[in-house]
Amino acid sequence: MEKLISVIVPCYNEEESVPLFYEEMKRITTTLGPYQWEYLFVDDGSKDRTLDILQELAEQDDRISYLSFSRNFGKESAVYAGLCNARGDYVVVMDADLQHPPAMLKDMIAVMEEGVYDSAAARRVSRKNEPPIRSFFARMFYKIINKISDADIVDGACDFRMMGRDMVQAIVEMGEYNRFSKGIFGWVGFRTKWLPYENVERVAGETKWSFWGLFRYSIDGIVNFSSMPLSIASWTGGFFTIVAFLMILWIILKKLLFGDPVAGWPSLACMIAFFGGIQLLCIGIMGQYIAKTYLEVKERPHYIIGKTNRSDVKRIG
Ligand code: UDP
Ligand code: MG
């Protein structure tokens, strides 16, 4: 029997890109051999005509399903909803803006058919069209997170990835609320073949990422996959406790030898400010973890589907 391949496409305000994406996919998939295809467009609470366009497409082509969220839940939730509802033997996650070149599907399928790998993922080899400052922070982020977490997070890895059933199942089972896909893909393990590709500009519309958005996302990644910042906070605390102890000894000795306990107001003021700062920093780090824990224990759903053309999906998941 022909294998079924599910294509998951998170879409947020992609009215211009979706039709282009669909046309391109239609063209490419006919050249890829005897496979069946299903499309899962996840409309992540778009404010433009994305949903109308998806509904029109779904009427023309019964391989298309759309899951439309009741509001914007974020790309991570959209991908999760797609993975939960994909039925394919292979599942591929792709952006709607054609930044993930459909031409690569051919190589991905070939890798999967070999039977050695559980997933085939695209990896950006150059950061050509990116501002240098962003590349610098991105590199730093990958260096740091790989040192301090046990999820293997590859520099330049993007979410464009084809996976087999086993891997999809493992990812769906990871029901955490704070989802950091790059970490989750790495954490579940399995054998991944990396396929290099050059960065492509988006076809239409604009990116939803600002510099600060990415910065916050990277902090999220670290907090989600490592408790190292907490250890650093404790070690800093320990170190300064020892320093404080030595200083007390010194002050007592000074008083006994020279009898002048009053001098040193400036150094005192500096110390109070310094330790105040460190304490707040450490409490802040703890706060980050507590906030994440708070969101996890509430066990809120990852997404709520308002409209869909499929009858078998769980609307709240
Ligand atoms: N996206 C989404 N929800 C969001 C933001 C983005 O589903 O809240 C989708 C978006 O429609 C696109 C993909 O995620 O298909 C990647 O977004 P974008 O192109 O803005 O990110 P970039 O490619 O610049 O990293
Ligand atoms: Mg993009």
# chains A, B, ... in the order shown; residues from 1 in each chain; ligands from 1

call {"tool": "residues_around", "arguments": {"residues": "range 123-140 of chain A", "least_positions_apart": "3", "cutoff": "10 Å", "atoms": "only C-alpha atoms", "output": "list in words"}}
result
Ala120, Lys143, Ile144, Ile145, Val154, Asp155, Gly156, Ala157, Cys158, Asp159, Phe160, Arg161, Lys193, Trp194, Leu195, Pro196, Tyr197, Glu198, Asn199, Val200, Glu201, Phe211, Leu214, Phe215 and Ser218 of chain A

call {"tool": "residues_around", "arguments": {"residues": "range 286-288 of chain A", "least_positions_apart": "5", "cutoff": "9 Å", "atoms": "only C-alpha atoms", "output": "list in words"}}
result
Asp220, Val223, Pro229, Leu230, Ala233, Leu281 and Thr293 of chain A

call {"tool": "residues_around", "arguments": {"residues": "range 4-18 of chain A", "least_positions_apart": "2", "cutoff": "8 Å", "atoms": "only C-alpha atoms", "output": "ChimeraX atom specification"}}
result
/A:2,20-22,35-50,53-54,72,75,78-79,82-83,86-98,203-205

call {"tool": "residues_near_ligand", "arguments": {"ligand": "ligand 2", "cutoff": "6 Å", "atoms": "only C-alpha atoms and all ligand atoms", "output": "compact mmCIF listing (two decimals) with N, CA and C atoms, in the first residue's frame"}}
result
# COMPACT_ATOMS: atom_id res chain seq x y z
N ASP A 97 5.64 29.93 4.76
CA ASP A 97 6.21 31.02 3.95
C ASP A 97 7.22 30.53 2.91
N GLN A 99 9.93 29.16 3.34
CA GLN A 99 11.33 29.23 3.76
C GLN A 99 11.90 27.84 3.94
N ARG A 202 11.48 34.66 2.97
CA ARG A 202 10.07 34.26 2.89
C ARG A 202 9.42 34.83 1.63
N THR A 207 8.04 38.26 8.92
CA THR A 207 8.34 37.38 10.04
C THR A 207 7.67 37.87 11.31

call {"tool": "atom_distance", "arguments": {"atom1": "CA of Ile285 in chain A", "atom2": "CA of Asn146 in chain A"}}
result
19.1 Å
